[in-house]
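Notes follow once the structure below has been shown.
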Amino acid sequence: MLLAHARTETRLTLRNGEQILLTLLIPIALLAGFTLIDIISLPEPRVDSVVPRIFALAVMSSAFTGQAIALGFDRRYGVLKRLAATALPRWMLVGGRVLAGLTVVAIQLVVLGVLAIALGWSPSLPGVLWSIALGVLGALTFGALGVLLGGTLRAELVLALANIIWFVLLLAGGIIVRAESMPSGVATIVELLPSGALTEGMHQALNGAGPGWQPVLVLVVWGVLASVVAGRTTRLT
Amino acid sequence: MSASETRPAVEVSGLVKRYGSTTAVDGLELRLAHGKVLALLGPNGAGKTTTVEVCEGFLRPDAGRVRVLGLDPHADSGELRPRIGVMPQGGGAYPGVRAGEMLKLVASCAANPLKPDWLLDVLGLTNVLKTPYKRLSGGQQQRLSLACALVGRPELVFLDEPTSGMDPQARRLVWDMVAALRADGVSVLLTTHLMEEAETLADHVVIVDHGRVVAEGSPAQLTTEDPDCQQLRFKARAGLDTSLLTAALPEGCHVAEAASGTYIVTGRVDPQVVSTVTAWCAQQGVLAEELHVGRRSLEDVFLELTGRELR
Ligand SMILES: Nc1ncnc2c1ncn2[C@@H]1O[C@H](COP(=O)(O)OP(=O)(O)OP(=O)(O)O)[C@@H](O)[C@H]1O
Ligand SMILES: [Mg+2]
């Protein structure tokens, strides 16, 4: 049951043009763009600073924005009710979506990683392992936030908010411009955002000694809070 | 008979459900015997969908007692859901999902499902197996939704307006399927706006209005209760002056032009009344066409009970 549900959800995501644009095409374009074109000043090799940002963006795009919009419209179209009316237990209804979300993130990281290697990225093995672990944690945290948004509000509102939040976090949430190059007061706040924490963690994991405890803690706290609230507010329709 | 077969499949008493200041269901009583078909009739907004959703455990009642297969649909939903089939009034599929994919997914959620391919074939959906849900026609979406309700071999099915948007062929197919379910001992609770559907399928008809039961019984009981309420219908030129006919008819009979050119005489219709009507027609120089004497139709009962104004 769980696998059938997860498989269907994954296939639907990969078949949806807007989802592909959001989860793959935009991150691919930004990865290539920032690496090859001198838009923002970055230390050489540029790809090493670009990859953590793009990984964080990719996770946020699919687990948060993509998930929220899909859930908002699935509720509108009565899909959740349809599945809840079967023998599928309640936890599997969530489990299937989580599993599908993780599968999509895995596909994103593989595609983007291969492209990055083609652009001259040469990560260390511990760096890669850490970034996978962070990818999973980030997907769960952003996924919980996505469910919170998509499971509570009207579909149109979800669509608008999920896109706006994505854009704001991309520009001002520590992804394109990292927290360290912001004024110190702002930086502290940005590092406490899930987007800032994930980017920072990815950066330290891939270019430093490990993700560091702060980003991990920030992501866990956001994830737990979002899950608890979402558990209370999510509605089937 | 086992204990589960003597107990009613659905038992609702004193059900109240409010949305803010609107009372959608207002003290409703309902009883669906095991293995029977119950049709819930009522104008738009009467509270049919709300009642059904309470029985399915999707809505919590504000008051009253609801037992479905002996279980509390909300508290025992985990135990109940595998045993019921649900066809909602609309929707129920991912917009981008293919028809076959959706049914397989729902089938995979059941312990002992019917073969999805067989069911799609029976419902005439084999040629749209790979078509995304949003590109199915309204009637095809309805048929897929019915398939999803039946694929888990339920003991009890809730069908909310199962034939709305279907062409006559598809409607007959659904009627045949409901009859087959009943023959297999499956209990069915359906809502409909089609009187013919209720008369054809239901053992028991419940007419609701403003969230209350206004009449119930078998279709025959509902239409023949009152021997003084028979009808004679005929068609003739529109706009005839019926005052002479009214005067000629025995006491207790009324005549009215129900629709342009359709006349209905209501009351105790005996041979004398028929002869009076035809004599009057001859006087007027018109031919009474499609002259028909019979019981009131279920639609007449329905309109009489729920009024003629639009909801
Ligand atoms: N989610 C809701 N919020 C507020 N009011 C609602 C909601 N759902 C239904 N209602 C109201 O409750 C009443 C009963 O609605 P319900 O959907 O049960 O009617 P129905 O008999 O199924 O009608 P129809 O024949 O049109 O399907 C209506 O007045 C409707 O406006
Ligand atoms: Mg309804």
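The chains in the structure tokens are called A, B, ... from first to last as shown; in each chain the residues are counted from 1, and the ligands are counted from 1 in the order shown.
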Any idea what's packed within 7 Å of Val213 in chain B, counting only C-alpha atoms, ignoring anything in its chain fewer than 3 positions away? Could you give it as a list in words? Leu28, Glu29, Val206, Ile207, Val208 and Asp209 of chain B
Mind checking which residues fall within 6 Å of range 16-21 of chain B, counting only C-alpha atoms, ignoring those fewer than 6 positions away in the same chain, and posting them as a list in words?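 In the requested format, the answer is Gly27, Pro61, Asp62 and Ala63 of chain B.
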Give as a VMD selection string the residues surrounding ligand 2 up to a distance of 9 Å, considering only C-alpha atoms and all ligand atoms. chain B and resid 44 to 50 52 88 to 89 160 to 161 191 to 192
Selection export as an mmCIF file, in the first residue's frame, atoms kept: C-alpha atoms:
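Writing the result to selection08.cif gives the following:
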data_model
loop_
_atom_site.group_PDB
_atom_site.id
_atom_site.type_symbol
_atom_site.label_atom_id
_atom_site.label_comp_id
_atom_site.auth_asym_id
_atom_site.auth_seq_id
_atom_site.Cartn_x
_atom_site.Cartn_y
_atom_site.Cartn_z
ATOM 1 C CA ASN B 44 -30.549 20.868 -3.419
ATOM 2 C CA GLY B 45 -29.186 21.737 -0.008
ATOM 3 C CA ALA B 46 -31.542 19.370 1.826
ATOM 4 C CA GLY B 47 -28.643 17.809 3.728
ATOM 5 C CA LYS B 48 -28.119 14.569 1.794
ATOM 6 C CA THR B 49 -24.374 14.881 1.249
ATOM 7 C CA THR B 50 -23.892 16.056 4.812
ATOM 8 C CA VAL B 52 -23.776 10.656 3.940
ATOM 9 C CA PRO B 88 -18.357 11.160 -3.322
ATOM 10 C CA GLN B 89 -20.535 13.723 -5.081
ATOM 11 C CA ASP B 160 -23.711 10.268 -3.634
ATOM 12 C CA GLU B 161 -25.583 11.066 -6.866
ATOM 13 C CA THR B 191 -28.716 9.858 -3.036
ATOM 14 C CA THR B 192 -30.380 10.966 -6.239
#
Just need the residues of chain A within 10 Å of chain B, counting only C-alpha atoms, so spit them out as a VMD selection string. chain A and resid 1 to 9 11 to 13 15 to 16 70 73 to 90 236 to 237
Just the selected residues (N, CA and C atoms), exported as an mmCIF file, in the first residue's frame, please.
data_model
loop_
_atom_site.group_PDB
_atom_site.id
_atom_site.type_symbol
_atom_site.label_atom_id
_atom_site.label_comp_id
_atom_site.auth_asym_id
_atom_site.auth_seq_id
_atom_site.Cartn_x
_atom_site.Cartn_y
_atom_site.Cartn_z
ATOM 1 N N MET A 1 0.831 -1.209 0.000
ATOM 2 C CA MET A 1 0.000 0.000 0.000
ATOM 3 C C MET A 1 0.860 1.251 0.000
ATOM 4 N N LEU A 2 1.808 1.275 0.973
ATOM 5 C CA LEU A 2 2.664 2.438 1.126
ATOM 6 C C LEU A 2 3.445 2.670 -0.167
ATOM 7 N N LEU A 3 4.016 1.587 -0.701
ATOM 8 C CA LEU A 3 4.837 1.723 -1.895
ATOM 9 C C LEU A 3 3.997 2.140 -3.097
ATOM 10 N N ALA A 4 2.796 1.561 -3.218
ATOM 11 C CA ALA A 4 1.931 1.917 -4.347
ATOM 12 C C ALA A 4 1.575 3.397 -4.284
ATOM 13 N N HIS A 5 1.273 3.854 -3.085
ATOM 14 C CA HIS A 5 0.922 5.270 -2.901
ATOM 15 C C HIS A 5 2.115 6.159 -3.245
ATOM 16 N N ALA A 6 3.293 5.804 -2.693
ATOM 17 C CA ALA A 6 4.493 6.611 -2.935
ATOM 18 C C ALA A 6 4.849 6.615 -4.423
ATOM 19 N N ARG A 7 4.688 5.449 -5.061
ATOM 20 C CA ARG A 7 5.041 5.347 -6.481
ATOM 21 C C ARG A 7 4.127 6.262 -7.306
ATOM 22 N N THR A 8 2.835 6.221 -7.014
ATOM 23 C CA THR A 8 1.894 7.069 -7.766
ATOM 24 C C THR A 8 2.237 8.541 -7.569
ATOM 25 N N GLU A 9 2.469 8.919 -6.312
ATOM 26 C CA GLU A 9 2.778 10.332 -6.026
ATOM 27 C C GLU A 9 4.045 10.773 -6.764
ATOM 28 N N ARG A 11 5.405 9.469 -9.517
ATOM 29 C CA ARG A 11 5.139 9.536 -10.958
ATOM 30 C C ARG A 11 4.387 10.801 -11.320
ATOM 31 N N LEU A 12 3.397 11.156 -10.494
ATOM 32 C CA LEU A 12 2.600 12.342 -10.808
ATOM 33 C C LEU A 12 3.466 13.590 -10.761
ATOM 34 N N THR A 13 4.383 13.643 -9.778
ATOM 35 C CA THR A 13 5.269 14.804 -9.683
ATOM 36 C C THR A 13 6.147 14.892 -10.929
ATOM 37 N N ARG A 15 5.588 13.824 -13.782
ATOM 38 C CA ARG A 15 4.848 13.995 -15.016
ATOM 39 C C ARG A 15 4.321 15.416 -15.153
ATOM 40 N N ASN A 16 4.381 16.161 -14.045
ATOM 41 C CA ASN A 16 3.782 17.494 -14.025
ATOM 42 C C ASN A 16 4.804 18.543 -14.466
ATOM 43 N N ALA A 70 0.868 20.808 -4.425
ATOM 44 C CA ALA A 70 0.236 19.532 -4.768
ATOM 45 C C ALA A 70 -0.813 19.170 -3.719
ATOM 46 N N PHE A 73 -4.029 21.332 -3.897
ATOM 47 C CA PHE A 73 -4.961 20.967 -4.969
ATOM 48 C C PHE A 73 -5.502 19.550 -4.799
ATOM 49 N N ASP A 74 -4.702 18.650 -4.249
ATOM 50 C CA ASP A 74 -5.226 17.300 -3.997
ATOM 51 C C ASP A 74 -6.397 17.363 -3.021
ATOM 52 N N ARG A 75 -6.283 18.254 -2.034
ATOM 53 C CA ARG A 75 -7.404 18.418 -1.095
ATOM 54 C C ARG A 75 -8.609 18.958 -1.839
ATOM 55 N N ARG A 76 -8.374 19.989 -2.651
ATOM 56 C CA ARG A 76 -9.458 20.599 -3.421
ATOM 57 C C ARG A 76 -10.189 19.554 -4.262
ATOM 58 N N TYR A 77 -9.417 18.662 -4.896
ATOM 59 C CA TYR A 77 -10.034 17.682 -5.790
ATOM 60 C C TYR A 77 -10.495 16.424 -5.062
ATOM 61 N N GLY A 78 -10.449 16.440 -3.735
ATOM 62 C CA GLY A 78 -11.012 15.310 -2.989
ATOM 63 C C GLY A 78 -10.146 14.053 -2.998
ATOM 64 N N VAL A 79 -8.864 14.203 -3.366
ATOM 65 C CA VAL A 79 -8.000 13.014 -3.424
ATOM 66 C C VAL A 79 -7.752 12.452 -2.028
ATOM 67 N N LEU A 80 -7.544 13.363 -1.078
ATOM 68 C CA LEU A 80 -7.244 12.886 0.270
ATOM 69 C C LEU A 80 -8.428 12.143 0.863
ATOM 70 N N LYS A 81 -9.612 12.667 0.582
ATOM 71 C CA LYS A 81 -10.814 12.008 1.057
ATOM 72 C C LYS A 81 -10.948 10.634 0.413
ATOM 73 N N ARG A 82 -10.708 10.595 -0.897
ATOM 74 C CA ARG A 82 -10.780 9.329 -1.630
ATOM 75 C C ARG A 82 -9.875 8.279 -0.967
ATOM 76 N N LEU A 83 -8.634 8.675 -0.687
ATOM 77 C CA LEU A 83 -7.690 7.709 -0.110
ATOM 78 C C LEU A 83 -8.040 7.413 1.339
ATOM 79 N N ALA A 84 -8.505 8.442 2.049
ATOM 80 C CA ALA A 84 -8.877 8.209 3.448
ATOM 81 C C ALA A 84 -10.077 7.273 3.544
ATOM 82 N N ALA A 85 -10.869 7.204 2.467
ATOM 83 C CA ALA A 85 -12.058 6.341 2.485
ATOM 84 C C ALA A 85 -11.703 4.880 2.250
ATOM 85 N N THR A 86 -10.450 4.596 1.963
ATOM 86 C CA THR A 86 -10.042 3.203 1.746
ATOM 87 C C THR A 86 -9.471 2.634 3.046
ATOM 88 N N ALA A 87 -8.919 1.449 2.935
ATOM 89 C CA ALA A 87 -8.328 0.823 4.118
ATOM 90 C C ALA A 87 -6.946 1.394 4.441
ATOM 91 N N LEU A 88 -6.464 2.323 3.612
ATOM 92 C CA LEU A 88 -5.143 2.931 3.840
ATOM 93 C C LEU A 88 -5.132 3.644 5.192
ATOM 94 N N PRO A 89 -4.286 3.195 6.131
ATOM 95 C CA PRO A 89 -4.288 3.860 7.441
ATOM 96 C C PRO A 89 -3.814 5.311 7.322
ATOM 97 N N ARG A 90 -4.234 6.113 8.280
ATOM 98 C CA ARG A 90 -3.923 7.542 8.264
ATOM 99 C C ARG A 90 -2.426 7.814 8.147
ATOM 100 N N LEU A 236 -8.723 17.222 5.423
ATOM 101 C CA LEU A 236 -8.787 16.379 4.228
ATOM 102 C C LEU A 236 -9.328 17.133 3.021
ATOM 103 N N THR A 237 -10.130 18.173 3.286
ATOM 104 C CA THR A 237 -10.715 18.903 2.147
ATOM 105 C C THR A 237 -10.455 20.400 2.267
#
Hey, what's within 12 Å of Arg172 in chain B if we count only C-alpha atoms and toss same-chain stuff fewer than 2 positions away? As a PyMOL selection string, please? chain B and resi 123+162-163+166-170+174-179+196-197+200-201
From a DSSP pass on the backbone, collect the residues of range 64-243 of chain B flagged as strand (DSSP E or B) and hand them back as an MDAnalysis selection string. chainID B and resid 64:68 71 84:87 98 132 156:160 187:192 204:209 212:217 230:235
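Between CA of Ala162 in chain A and CA of Leu149 in chain A there is a distance of 7.7 Å.
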Of the residues B:Asp184, B:Val301, B:Ala238, B:Glu155, which is the one nearest to Glu216 in chain B, using only C-alpha atoms?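 Going through B:Asp184, B:Val301, B:Ala238, B:Glu155 one by one, the smallest distance to Glu216 in chain B is for B:Val301.
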Taking the chain letters and numbering used in this document, name the residues of range 190-276 of chain B that DSSP puts in helix (DSSP H, G or I), as a ChimeraX atom specification. /B:195-201,219-224,227-229,243-248,271-276
Would you list the contacts of Val59 in chain A as a PyMOL selection string, taking every protein, DNA or RNA residue within 10 Å and counting only C-alpha atoms, but skipping same-chain residues closer than 4 positions in sequence? chain A and resi 23+27+54-55+63-66+101-102+104-106+108-109+134-143+195+198
